[in-house]
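Engineer: Sharing a structure, written as structure tokens. Questions coming.
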Amino acid sequence: MGRDLSALFDPVSVAVVGASDDPAKYGHAIAAQALRANGRRPVHLVNRRGGTVLGRTAAPSLSAIGESVDLAVVSVPAAGFEDAVDEALRCGARAIVAITAGFAETGDAGRARQHAVAERVRAAGAVMVGPNCLGLADNTTDLFLASDTFTPGGVALLSQSGNLALELQLRFRPHGLGFSRFVSIGNQADVTLVDLLADCARHEGTRAIAVYAEDFADGRAFAEAAADAGKPVVLLTAGRGDASARSAQSHTGALTTSADVVTAACRDAGVELVATPRELTVVLAASNGARRAAGRRVAVLTDGGGHGVVAADAVETAGLSVPELREPTRRELREALWEQSAVANPVDLAGMGEQDPGSYARTVAALLAAEEVDAVLMTGYFGGYAAAEGGLGGGGAVLADGEQEAARLIAARHRATAKPIVVQSMYPGSPSCRTLAEAGIPVFAATEDAARALAATAPRALRTGVAPLPGPASPLRESGYLQTRRALEEAGLAFPAAREVRDEAELRAAAEEFTGPYVLKALHLLHKSDAGGVALGLAGPGELLAAFREMHARLGAPSYSVEAMADLTDGIELIVGVNRDPRFGPVAMVGLGGVLAETLHDVAFTLAPVPADRALSLLRSLRTAALLDGVRGRPPVDVAAAAAAVETITAFAAAHPEIAEIEVNPLFVGPHGVLALDSRAVLA
């Protein structure tokens, strides 16, 4: 069930330590907010000078209150922070909200102080948010311990930024969105983002969870909690650059960026990943009615050709489709509209709305009823007639009234169907658009926002959850080519026959063990192909010996691997690797491999380990996935065997936390199975 945070969100009593009459101090704002709900629970103000604060008698210390305190807000200078926390614990506090800054964010010494305080809080059986946070609020329990007020609603916001919360407050308002809770998570010394996410998932007053995070701490636990939330989770995060790839020693490491990892984790967990506060608002507005489209097919309804074309492009850019409508639907539309209306998709009223606003409602009804339509986007002038009492059409009150009636009919149709409707309007604040919004239909001013909202309601094809990590296996002590290959073979991955040789005598003995053609590889080189340390297709012992002499003279490697040359006809080369991310743990990559892996960059990512069914979906998501089924007369390859190999490799890597990077490249996939042709591992 996770940690018990009830004292944080619904305490029996509250004390504000550091309450002040000075408006420049944060203790003033917190105290003023806390007193707004004084009737719900006792609120005590503490100021070391005593006296009065905000017209209320202030205690000089928590102990002077004379009764236990359930939750203490600590907003004092850093020098007095530890003493304030210790006193709160002695007074029975089960929860602490630590506003005070000057800890882990200042360096190692501050981190050590923060850790020591958190240990004392946990030892007392209490919980602490912060330090270095801006407080919290719970509108469902009348708990106001932040400097600002938040409009009540169904969104819990967990944020590392206070100003972002204020911006979202403004952006939410036109969409009727509000907050169930707000928590400034601060340094997460004790209560973490994962703890808060799990608690908000259980909270009856929370319908959706919005997160702004720069530091996930345990990113894998975040993904697991989000996958189990049972509610929409929308993440806005920063720092998704490629810094993690700078020191990579394998193709897998070089191709894996922080952005790839976060994107993969969010997809696996079903989290909507957004890039801006505006996009976060759009996605939350789309999920407000908890509607999910059955598919990705969108019908676009417009009253002008330009708006329709722009909307269709935006829908497809968002990853959805705008299919041509079937003949029965087109026939119904022709009967409802006039001759010049376009009925293929986009559906263009072509001016009919100016003569008959009811045509909007009739068209929406027909599109929602069409089997080939999963969602509807209405775009253009709708809302303008009521906004300007005639506007473009010049029909005055008659058109305004007709448009309002059309809005009511569309709202009624929306309530009677499970399919999502989204509206883009030049007049989003008009009475007609307000009627739609009040019925739960998201209305936007920007076409791209409307398209993004529909994308948020579409099915997530690759959402798979987060597979649990296996128990750690016996550590790999050496990561040389042959040691890594041997370990993978023991795990069940097939390789061609191979022998290690150090001189010509051992080379001749190896050539007698299996027939050619041969492959010769110089060992102890991380990127053998790049260094000219691989010779392929050596027909017999003579060619093998000549290649050995040339390679040894040039590279002087201490040993070499002689291998049977695999039959590479009618197959493709894949790359399968795992890179261990410091926040999300093992992250798997699959893609088109061989020597062109980094050049083609056709790869997909997911958290490891990867079950075979998930691996199959990843392989099918590649840009070059058509190669799996055979092209230009080539036979299809054994995709099931490839998926099983991905499972083997990623399960092995996940069970070996000492491995920082591991890859099999190429993994040759033929019509009748797979062979691993090369592998490498890098220990942490």
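Every chain in the structure tokens takes a letter, A first, then B, and so on in the order presented; its residues are numbered from 1, and the ligands are numbered from 1 following the presented order.
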Enumerate the residues of stretch 526-678 of chain A with a DSSP assignment of strand (DSSP E), computed from the backbone, and present them as number ranges by chain.
Structural biologist: A: 534-538, 560-564, 572-581, 585-592, 603-607, 659-670, 673-676
Engineer: List as a CSV table (one decimal) with all heavy atoms, in the first residue's frame the protein and nucleic acid residues near A:Phe652, meaning an atom at most 12 Å away when only C-alpha atoms are counted, but skip any in the same chain fewer than 6 places from it.
Structural biologist:
```csv
chain,number,residue,atom,x,y,z
A,469,LEU,N,12.6,-6.6,-12.0
A,469,LEU,CA,14.0,-7.0,-12.2
A,469,LEU,C,14.2,-8.3,-11.6
A,469,LEU,O,13.7,-8.7,-10.5
A,469,LEU,CB,14.9,-6.0,-11.5
A,469,LEU,CG,15.0,-4.6,-12.1
A,469,LEU,CD1,15.8,-3.6,-11.2
A,469,LEU,CD2,15.7,-4.7,-13.5
A,470,PRO,N,15.0,-9.2,-12.2
A,470,PRO,CA,15.3,-10.5,-11.6
A,470,PRO,C,16.3,-10.3,-10.5
A,470,PRO,O,16.9,-9.3,-10.3
A,470,PRO,CB,15.9,-11.2,-12.8
A,470,PRO,CG,16.5,-10.2,-13.7
A,470,PRO,CD,15.6,-9.0,-13.5
A,471,GLY,N,16.4,-11.3,-9.7
A,471,GLY,CA,17.4,-11.3,-8.6
A,471,GLY,C,18.8,-11.3,-9.3
A,471,GLY,O,19.0,-11.8,-10.4
A,472,PRO,N,19.8,-10.7,-8.6
A,472,PRO,CA,21.1,-10.6,-9.2
A,472,PRO,C,21.8,-12.0,-9.3
A,472,PRO,O,21.7,-12.9,-8.4
A,472,PRO,CB,21.9,-9.8,-8.2
A,472,PRO,CG,21.1,-9.8,-6.9
A,472,PRO,CD,19.7,-10.0,-7.3
A,473,ALA,N,22.4,-12.2,-10.4
A,473,ALA,CA,23.1,-13.5,-10.7
A,473,ALA,C,24.6,-13.3,-10.2
A,473,ALA,O,25.0,-12.3,-9.8
A,473,ALA,CB,23.1,-13.8,-12.2
A,474,SER,N,25.3,-14.4,-10.2
A,474,SER,CA,26.7,-14.4,-9.8
A,474,SER,C,27.4,-13.4,-10.7
A,474,SER,O,27.3,-13.5,-12.0
A,474,SER,CB,27.3,-15.8,-10.0
A,474,SER,OG,28.7,-15.8,-9.6
A,475,PRO,N,28.2,-12.5,-10.2
A,475,PRO,CA,28.7,-11.4,-11.0
A,475,PRO,C,29.7,-11.9,-12.0
A,475,PRO,O,30.4,-12.8,-11.8
A,475,PRO,CB,29.5,-10.5,-9.9
A,475,PRO,CG,28.8,-10.8,-8.6
A,475,PRO,CD,28.5,-12.3,-8.7
A,476,LEU,N,29.7,-11.2,-13.1
A,476,LEU,CA,30.7,-11.4,-14.2
A,476,LEU,C,32.0,-10.7,-13.8
A,476,LEU,O,32.0,-9.5,-13.6
A,476,LEU,CB,30.1,-10.8,-15.5
A,476,LEU,CG,30.7,-11.3,-16.8
A,476,LEU,CD1,30.4,-12.8,-17.1
A,476,LEU,CD2,30.1,-10.4,-18.0
A,484,THR,N,32.3,-12.8,-22.2
A,484,THR,CA,30.9,-12.4,-22.4
A,484,THR,C,30.2,-13.4,-23.3
A,484,THR,O,29.0,-13.7,-23.0
A,484,THR,CB,30.9,-11.0,-23.0
A,484,THR,OG1,31.7,-10.1,-22.2
A,484,THR,CG2,29.5,-10.5,-23.2
A,485,ARG,N,30.8,-13.8,-24.3
A,485,ARG,CA,30.2,-14.7,-25.2
A,485,ARG,C,29.8,-16.0,-24.5
A,485,ARG,O,28.7,-16.6,-24.6
A,485,ARG,CB,31.1,-15.0,-26.4
A,485,ARG,CG,30.6,-16.1,-27.3
A,485,ARG,CD,31.7,-16.4,-28.3
A,485,ARG,NE,31.5,-17.7,-28.9
A,485,ARG,CZ,31.4,-17.9,-30.2
A,485,ARG,NH1,31.5,-17.0,-31.1
A,485,ARG,NH2,31.2,-19.2,-30.7
A,487,ALA,N,29.3,-16.5,-21.3
A,487,ALA,CA,28.2,-16.3,-20.4
A,487,ALA,C,26.8,-16.2,-21.1
A,487,ALA,O,25.8,-16.7,-20.6
A,487,ALA,CB,28.4,-15.0,-19.6
A,488,LEU,N,26.8,-15.5,-22.2
A,488,LEU,CA,25.5,-15.5,-23.0
A,488,LEU,C,25.1,-16.8,-23.5
A,488,LEU,O,24.0,-17.1,-23.6
A,488,LEU,CB,25.7,-14.4,-24.1
A,488,LEU,CG,25.7,-13.0,-23.7
A,488,LEU,CD1,26.1,-12.0,-24.8
A,488,LEU,CD2,24.3,-12.5,-23.2
A,489,GLU,N,26.1,-17.6,-23.9
A,489,GLU,CA,25.8,-19.0,-24.4
A,489,GLU,C,25.2,-19.8,-23.3
A,489,GLU,O,24.2,-20.5,-23.5
A,489,GLU,CB,27.1,-19.6,-24.9
A,489,GLU,CG,27.5,-19.2,-26.3
A,489,GLU,CD,28.7,-20.0,-26.8
A,489,GLU,OE1,29.8,-20.0,-26.1
A,489,GLU,OE2,28.6,-20.7,-27.9
A,490,GLU,N,25.7,-19.7,-22.1
A,490,GLU,CA,25.2,-20.4,-20.9
A,490,GLU,C,23.7,-19.9,-20.6
A,490,GLU,O,22.9,-20.7,-20.1
A,490,GLU,CB,26.1,-20.2,-19.7
A,490,GLU,CG,27.4,-20.9,-19.8
A,490,GLU,CD,28.3,-20.6,-18.7
A,490,GLU,OE1,27.9,-19.8,-17.8
A,490,GLU,OE2,29.5,-21.1,-18.7
A,491,ALA,N,23.4,-18.6,-21.0
A,491,ALA,CA,22.1,-18.1,-20.8
A,491,ALA,C,21.1,-18.6,-21.8
A,491,ALA,O,19.9,-18.4,-21.7
A,491,ALA,CB,22.1,-16.6,-20.7
A,492,GLY,N,21.6,-19.2,-22.9
A,492,GLY,CA,20.8,-19.7,-23.9
A,492,GLY,C,20.9,-19.1,-25.3
A,492,GLY,O,20.1,-19.4,-26.2
A,493,LEU,N,21.8,-18.2,-25.5
A,493,LEU,CA,22.0,-17.5,-26.8
A,493,LEU,C,22.9,-18.3,-27.7
A,493,LEU,O,24.0,-18.7,-27.2
A,493,LEU,CB,22.5,-16.1,-26.6
A,493,LEU,CG,22.5,-15.2,-27.8
A,493,LEU,CD1,21.1,-14.9,-28.3
A,493,LEU,CD2,23.2,-13.9,-27.5
A,577,GLY,N,21.0,-4.4,-27.2
A,577,GLY,CA,21.9,-4.0,-26.2
A,577,GLY,C,21.1,-3.5,-25.0
A,577,GLY,O,19.9,-3.3,-25.0
A,578,VAL,N,21.9,-3.4,-23.9
A,578,VAL,CA,21.3,-2.9,-22.6
A,578,VAL,C,22.3,-1.9,-22.0
A,578,VAL,O,23.5,-2.2,-21.9
A,578,VAL,CB,21.0,-4.0,-21.6
A,578,VAL,CG1,20.5,-3.4,-20.3
A,578,VAL,CG2,20.0,-5.0,-22.2
A,586,PRO,N,18.5,-0.8,-15.9
A,586,PRO,CA,18.8,-1.4,-17.3
A,586,PRO,C,17.7,-1.0,-18.3
A,586,PRO,O,16.5,-1.1,-18.1
A,586,PRO,CB,18.8,-2.9,-17.1
A,586,PRO,CG,17.9,-3.1,-15.9
A,586,PRO,CD,18.1,-1.9,-15.0
A,588,ALA,N,16.9,-1.3,-22.4
A,588,ALA,CA,17.2,-2.2,-23.6
A,588,ALA,C,17.0,-1.4,-24.9
A,588,ALA,O,16.2,-0.5,-25.0
A,588,ALA,CB,16.3,-3.4,-23.6
A,608,ALA,N,14.5,-2.8,-19.4
A,608,ALA,CA,14.8,-4.2,-19.3
A,608,ALA,C,14.5,-4.8,-17.9
A,608,ALA,O,14.5,-4.0,-17.0
A,608,ALA,CB,16.3,-4.4,-19.7
A,609,PRO,N,14.2,-6.1,-17.9
A,609,PRO,CA,14.2,-7.1,-19.0
A,609,PRO,C,13.0,-7.0,-19.9
A,609,PRO,O,12.0,-6.4,-19.5
A,609,PRO,CB,14.1,-8.4,-18.2
A,609,PRO,CG,13.4,-8.1,-16.9
A,609,PRO,CD,13.8,-6.7,-16.6
A,610,VAL,N,13.1,-7.6,-21.1
A,610,VAL,CA,12.1,-7.4,-22.1
A,610,VAL,C,11.5,-8.8,-22.4
A,610,VAL,O,12.2,-9.6,-23.1
A,610,VAL,CB,12.7,-6.8,-23.4
A,610,VAL,CG1,11.5,-6.5,-24.4
A,610,VAL,CG2,13.4,-5.5,-23.1
A,611,PRO,N,10.3,-9.1,-22.0
A,611,PRO,CA,9.7,-10.4,-22.4
A,611,PRO,C,9.5,-10.5,-23.9
A,611,PRO,O,9.5,-9.4,-24.6
A,611,PRO,CB,8.3,-10.3,-21.7
A,611,PRO,CG,8.4,-9.3,-20.6
A,611,PRO,CD,9.4,-8.3,-21.1
A,645,ALA,N,15.5,-14.1,-28.5
A,645,ALA,CA,16.9,-13.7,-28.2
A,645,ALA,C,17.0,-12.4,-27.5
A,645,ALA,O,17.8,-12.3,-26.6
A,645,ALA,CB,17.6,-13.6,-29.5
A,646,VAL,N,16.1,-11.5,-27.8
A,646,VAL,CA,16.0,-10.2,-27.1
A,646,VAL,C,15.7,-10.5,-25.6
A,646,VAL,O,16.3,-9.9,-24.7
A,646,VAL,CB,15.0,-9.3,-27.7
A,646,VAL,CG1,14.8,-8.0,-26.8
A,646,VAL,CG2,15.4,-8.9,-29.1
A,658,GLU,N,26.4,-5.4,-12.3
A,658,GLU,CA,27.8,-5.0,-12.5
A,658,GLU,C,28.1,-4.6,-13.9
A,658,GLU,O,29.1,-4.0,-14.2
A,658,GLU,CB,28.7,-6.0,-12.0
A,658,GLU,CG,28.9,-7.2,-12.9
A,658,GLU,CD,27.8,-8.3,-12.8
A,658,GLU,OE1,26.8,-8.0,-12.1
A,658,GLU,OE2,27.9,-9.3,-13.5
A,659,ILE,N,27.2,-4.9,-14.9
A,659,ILE,CA,27.4,-4.6,-16.3
A,659,ILE,C,26.8,-3.2,-16.6
A,659,ILE,O,25.6,-3.0,-16.4
A,659,ILE,CB,26.8,-5.7,-17.2
A,659,ILE,CG1,27.5,-7.0,-17.0
A,659,ILE,CG2,26.9,-5.2,-18.7
A,659,ILE,CD1,26.9,-8.1,-17.8
A,661,GLU,N,27.2,-1.7,-19.7
A,661,GLU,CA,26.8,-1.7,-21.1
A,661,GLU,C,27.0,-3.1,-21.6
A,661,GLU,O,28.1,-3.7,-21.4
A,661,GLU,CB,27.5,-0.7,-22.0
A,661,GLU,CG,27.5,0.7,-21.6
A,661,GLU,CD,28.5,1.6,-22.3
A,661,GLU,OE1,28.7,1.3,-23.5
A,661,GLU,OE2,29.0,2.5,-21.7
A,662,ILE,N,26.1,-3.6,-22.4
A,662,ILE,CA,26.3,-4.9,-23.1
A,662,ILE,C,25.5,-4.9,-24.4
A,662,ILE,O,24.4,-4.3,-24.4
A,662,ILE,CB,25.8,-6.1,-22.2
A,662,ILE,CG1,26.2,-7.5,-22.9
A,662,ILE,CG2,24.3,-6.1,-21.9
A,662,ILE,CD1,26.0,-8.7,-22.0
A,663,GLU,N,26.1,-5.5,-25.4
A,663,GLU,CA,25.4,-5.6,-26.7
A,663,GLU,C,25.8,-6.8,-27.5
A,663,GLU,O,26.9,-7.3,-27.3
A,663,GLU,CB,25.6,-4.3,-27.5
A,663,GLU,CG,27.0,-4.2,-28.1
A,663,GLU,CD,27.1,-2.9,-29.0
A,663,GLU,OE1,26.5,-1.9,-28.6
A,663,GLU,OE2,27.9,-3.0,-29.9
A,664,VAL,N,24.8,-7.2,-28.2
A,664,VAL,CA,25.1,-8.3,-29.2
A,664,VAL,C,24.9,-7.6,-30.6
A,664,VAL,O,23.7,-7.2,-30.9
A,664,VAL,CB,24.1,-9.5,-29.1
A,664,VAL,CG1,24.3,-10.5,-30.2
A,664,VAL,CG2,24.4,-10.2,-27.7
A,681,ALA,N,30.8,-6.4,-23.6
A,681,ALA,CA,30.3,-5.9,-22.3
A,681,ALA,C,31.3,-5.0,-21.7
A,681,ALA,O,32.5,-5.1,-21.9
A,681,ALA,CB,30.0,-7.1,-21.4
```
Engineer: One number please: atom CA of A:Ala387 to atom CA of A:Tyr360, in Å, one decimal.
Structural biologist: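 Spanning atom CA of A:Ala387 to atom CA of A:Tyr360 is a straight-line distance of 16.4 Å.
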Engineer: Skipping near chain neighbours, those fewer than 4 positions away, what residues fall within 9 Å of A:Glu504 using only C-alpha atoms, listed as a PDB file with N, CA and C atoms, in the first residue's frame?
Structural biologist:
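See result-v1.pdb below for the written result:
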```pdb
ATOM      1  N   ARG A 508      46.191 -23.540 -36.473  1.00  0.00           N
ATOM      2  CA  ARG A 508      46.033 -24.722 -37.326  1.00  0.00           C
ATOM      3  C   ARG A 508      45.159 -25.773 -36.631  1.00  0.00           C
ATOM      4  N   ALA A 509      45.319 -25.904 -35.323  1.00  0.00           N
ATOM      5  CA  ALA A 509      44.508 -26.881 -34.582  1.00  0.00           C
ATOM      6  C   ALA A 509      43.036 -26.486 -34.617  1.00  0.00           C
ATOM      7  N   LEU A 545      45.360 -18.638 -42.263  1.00  0.00           N
ATOM      8  CA  LEU A 545      46.718 -18.397 -41.789  1.00  0.00           C
ATOM      9  C   LEU A 545      47.256 -17.075 -42.324  1.00  0.00           C
ATOM     10  N   PHE A 548      45.743 -14.251 -40.466  1.00  0.00           N
ATOM     11  CA  PHE A 548      46.283 -14.176 -39.106  1.00  0.00           C
ATOM     12  C   PHE A 548      47.629 -13.448 -39.107  1.00  0.00           C
ATOM     13  N   ARG A 549      48.499 -13.844 -40.038  1.00  0.00           N
ATOM     14  CA  ARG A 549      49.823 -13.217 -40.073  1.00  0.00           C
ATOM     15  C   ARG A 549      49.730 -11.719 -40.345  1.00  0.00           C
TER      16      ARG A 549
END
```
Engineer: With DSSP run on the backbone, what are the alpha helix (DSSP H) residues within stretch 261-354 of chain A? I'd like them as a ChimeraX atom specification.
Structural biologist: /A:261-269,277-286,305-317,327-336,352-354
Engineer: Which polymer residues have any atom within 7 Å of an atom of stretch 153-166 of chain A, counting only C-alpha atoms, with same-chain residues fewer than 2 positions away left out, as a CSV table (one decimal) with all heavy atoms, in the first residue's frame?
Structural biologist:
```csv
chain,number,residue,atom,x,y,z
A,134,LEU,N,8.3,24.4,-1.1
A,134,LEU,CA,7.4,25.5,-1.0
A,134,LEU,C,6.1,25.2,-0.4
A,134,LEU,O,5.1,25.9,-0.5
A,134,LEU,CB,7.2,26.2,-2.4
A,134,LEU,CG,8.4,26.7,-3.1
A,134,LEU,CD1,8.1,27.2,-4.5
A,134,LEU,CD2,9.1,27.8,-2.2
A,151,THR,N,-7.3,26.7,-7.2
A,151,THR,CA,-8.7,26.4,-7.5
A,151,THR,C,-8.9,24.9,-7.3
A,151,THR,O,-8.2,24.1,-7.8
A,151,THR,CB,-9.0,26.8,-8.9
A,151,THR,OG1,-8.7,28.2,-9.1
A,151,THR,CG2,-10.4,26.6,-9.3
A,168,LEU,N,0.3,27.0,-14.3
A,168,LEU,CA,-0.7,26.0,-14.5
A,168,LEU,C,-2.1,26.4,-14.0
A,168,LEU,O,-3.1,26.2,-14.6
A,168,LEU,CB,-0.4,24.6,-13.9
A,168,LEU,CG,0.8,23.9,-14.6
A,168,LEU,CD1,1.2,22.7,-13.9
A,168,LEU,CD2,0.4,23.6,-16.1
A,169,GLN,N,-2.1,27.1,-12.9
A,169,GLN,CA,-3.3,27.6,-12.3
A,169,GLN,C,-4.0,28.5,-13.4
A,169,GLN,O,-5.2,28.4,-13.6
A,169,GLN,CB,-3.0,28.4,-11.1
A,169,GLN,CG,-4.2,29.2,-10.5
A,169,GLN,CD,-4.8,28.6,-9.3
A,169,GLN,OE1,-5.3,27.4,-9.5
A,169,GLN,NE2,-5.0,29.3,-8.2
A,170,LEU,N,-3.2,29.4,-14.0
A,170,LEU,CA,-3.8,30.3,-15.1
A,170,LEU,C,-4.2,29.5,-16.3
A,170,LEU,O,-5.3,29.8,-16.9
A,170,LEU,CB,-2.8,31.3,-15.4
A,170,LEU,CG,-2.3,32.3,-14.3
A,170,LEU,CD1,-1.2,33.2,-14.8
A,170,LEU,CD2,-3.5,33.1,-13.8
A,177,LEU,N,-10.4,23.2,-15.2
A,177,LEU,CA,-9.5,22.3,-14.4
A,177,LEU,C,-9.1,23.0,-13.1
A,177,LEU,O,-9.0,24.2,-13.0
A,177,LEU,CB,-8.3,21.9,-15.2
A,177,LEU,CG,-8.5,21.1,-16.5
A,177,LEU,CD1,-7.2,21.0,-17.2
A,177,LEU,CD2,-9.1,19.8,-16.2
A,178,GLY,N,-8.9,22.2,-12.0
A,178,GLY,CA,-8.4,22.7,-10.8
A,178,GLY,C,-7.6,21.6,-10.0
A,178,GLY,O,-7.4,20.5,-10.6
A,179,PHE,N,-7.2,21.9,-8.8
A,179,PHE,CA,-6.3,21.1,-8.1
A,179,PHE,C,-7.0,20.4,-6.9
A,179,PHE,O,-7.7,21.0,-6.1
A,179,PHE,CB,-5.1,21.9,-7.5
A,179,PHE,CG,-4.3,22.6,-8.6
A,179,PHE,CD1,-4.7,23.8,-9.1
A,179,PHE,CD2,-3.2,22.0,-9.2
A,179,PHE,CE1,-3.9,24.5,-10.1
A,179,PHE,CE2,-2.5,22.6,-10.2
A,179,PHE,CZ,-2.8,23.8,-10.6
A,180,SER,N,-6.7,19.1,-6.8
A,180,SER,CA,-7.1,18.4,-5.6
A,180,SER,C,-6.0,18.6,-4.6
A,180,SER,O,-6.2,18.8,-3.4
A,180,SER,CB,-7.3,16.9,-5.9
A,180,SER,OG,-6.1,16.3,-6.4
A,181,ARG,N,-4.7,18.5,-5.0
A,181,ARG,CA,-3.6,18.6,-4.2
A,181,ARG,C,-2.5,19.4,-4.9
A,181,ARG,O,-2.4,19.3,-6.1
A,181,ARG,CB,-3.0,17.3,-3.7
A,181,ARG,CG,-3.9,16.5,-2.7
A,181,ARG,CD,-3.3,15.1,-2.5
A,181,ARG,NE,-3.9,14.4,-1.4
A,181,ARG,CZ,-3.7,13.2,-1.0
A,181,ARG,NH1,-2.8,12.5,-1.7
A,181,ARG,NH2,-4.2,12.7,0.0
A,182,PHE,N,-1.6,20.1,-4.2
A,182,PHE,CA,-0.4,20.6,-4.7
A,182,PHE,C,0.7,20.3,-3.7
A,182,PHE,O,0.6,20.5,-2.5
A,182,PHE,CB,-0.4,22.1,-4.9
A,182,PHE,CG,1.0,22.7,-5.0
A,182,PHE,CD1,1.7,22.5,-6.1
A,182,PHE,CD2,1.5,23.5,-3.9
A,182,PHE,CE1,3.0,23.1,-6.2
A,182,PHE,CE2,2.8,24.0,-4.0
A,182,PHE,CZ,3.5,23.8,-5.2
A,183,VAL,N,1.8,19.7,-4.2
A,183,VAL,CA,3.0,19.4,-3.3
A,183,VAL,C,4.2,19.9,-4.0
A,183,VAL,O,4.5,19.4,-5.1
A,183,VAL,CB,3.1,17.9,-3.0
A,183,VAL,CG1,4.2,17.7,-2.0
A,183,VAL,CG2,1.8,17.3,-2.4
A,184,SER,N,4.9,20.7,-3.3
A,184,SER,CA,6.3,21.1,-3.7
A,184,SER,C,7.2,20.1,-3.1
A,184,SER,O,7.4,20.0,-1.9
A,184,SER,CB,6.6,22.5,-3.2
A,184,SER,OG,8.0,22.8,-3.4
A,185,ILE,N,7.8,19.2,-4.0
A,185,ILE,CA,8.5,18.0,-3.5
A,185,ILE,C,9.9,18.3,-2.9
A,185,ILE,O,10.5,17.5,-2.2
A,185,ILE,CB,8.6,16.9,-4.6
A,185,ILE,CG1,9.4,17.4,-5.8
A,185,ILE,CG2,7.2,16.5,-5.0
A,185,ILE,CD1,9.5,16.4,-6.8
A,186,GLY,N,10.5,19.5,-3.3
A,186,GLY,CA,11.8,19.9,-2.7
A,186,GLY,C,12.9,18.8,-3.0
A,186,GLY,O,12.9,18.2,-4.0
A,200,CYS,N,-1.3,9.7,-4.1
A,200,CYS,CA,-2.3,10.4,-5.0
A,200,CYS,C,-3.1,9.4,-5.8
A,200,CYS,O,-4.3,9.6,-6.1
A,200,CYS,CB,-1.6,11.4,-5.9
A,200,CYS,SG,-1.0,12.9,-4.9
A,205,GLY,N,-10.1,12.0,-4.1
A,205,GLY,CA,-10.4,13.3,-4.7
A,205,GLY,C,-9.5,13.6,-5.9
A,205,GLY,O,-9.7,14.7,-6.5
A,206,THR,N,-8.6,12.7,-6.2
A,206,THR,CA,-7.7,13.0,-7.4
A,206,THR,C,-8.1,12.2,-8.6
A,206,THR,O,-8.2,10.9,-8.5
A,206,THR,CB,-6.2,12.7,-7.0
A,206,THR,OG1,-5.8,13.6,-6.0
A,206,THR,CG2,-5.3,12.8,-8.2
A,207,ARG,N,-8.3,12.8,-9.7
A,207,ARG,CA,-8.7,12.2,-10.9
A,207,ARG,C,-7.5,12.0,-11.8
A,207,ARG,O,-7.4,11.0,-12.6
A,207,ARG,CB,-9.8,13.0,-11.6
A,207,ARG,CG,-10.3,12.4,-12.9
A,207,ARG,CD,-11.1,13.4,-13.7
A,207,ARG,NE,-10.3,14.7,-13.9
A,207,ARG,CZ,-9.3,14.9,-14.7
A,207,ARG,NH1,-8.9,13.9,-15.5
A,207,ARG,NH2,-8.7,16.0,-14.8
A,208,ALA,N,-6.5,12.9,-11.8
A,208,ALA,CA,-5.3,12.8,-12.7
A,208,ALA,C,-4.2,13.4,-11.9
A,208,ALA,O,-4.3,14.2,-11.0
A,208,ALA,CB,-5.5,13.6,-14.0
A,209,ILE,N,-3.0,12.9,-12.2
A,209,ILE,CA,-1.7,13.3,-11.5
A,209,ILE,C,-0.8,14.0,-12.5
A,209,ILE,O,-0.4,13.4,-13.5
A,209,ILE,CB,-1.1,12.1,-10.9
A,209,ILE,CG1,-2.0,11.4,-9.9
A,209,ILE,CG2,0.2,12.6,-10.1
A,209,ILE,CD1,-1.6,10.1,-9.5
A,210,ALA,N,-0.4,15.3,-12.2
A,210,ALA,CA,0.5,16.0,-13.0
A,210,ALA,C,1.8,16.1,-12.3
A,210,ALA,O,1.8,16.4,-11.1
A,210,ALA,CB,0.0,17.4,-13.4
A,211,VAL,N,2.9,15.9,-13.0
A,211,VAL,CA,4.2,15.9,-12.3
A,211,VAL,C,5.2,16.7,-13.1
A,211,VAL,O,5.3,16.6,-14.3
A,211,VAL,CB,4.8,14.4,-12.3
A,211,VAL,CG1,6.2,14.4,-11.7
A,211,VAL,CG2,3.9,13.5,-11.5
A,212,TYR,N,5.9,17.6,-12.4
A,212,TYR,CA,7.0,18.3,-13.0
A,212,TYR,C,8.2,17.9,-12.1
A,212,TYR,O,8.3,18.1,-10.9
A,212,TYR,CB,6.9,19.8,-12.9
A,212,TYR,CG,8.2,20.5,-13.4
A,212,TYR,CD1,8.6,20.4,-14.7
A,212,TYR,CD2,9.1,21.1,-12.4
A,212,TYR,CE1,9.8,21.0,-15.1
A,212,TYR,CE2,10.3,21.6,-12.8
A,212,TYR,CZ,10.7,21.6,-14.2
A,212,TYR,OH,11.9,22.1,-14.6
A,213,ALA,N,9.2,17.2,-12.8
A,213,ALA,CA,10.3,16.7,-12.1
A,213,ALA,C,11.6,16.9,-12.9
A,213,ALA,O,11.6,16.6,-14.1
A,213,ALA,CB,10.1,15.2,-11.8
```
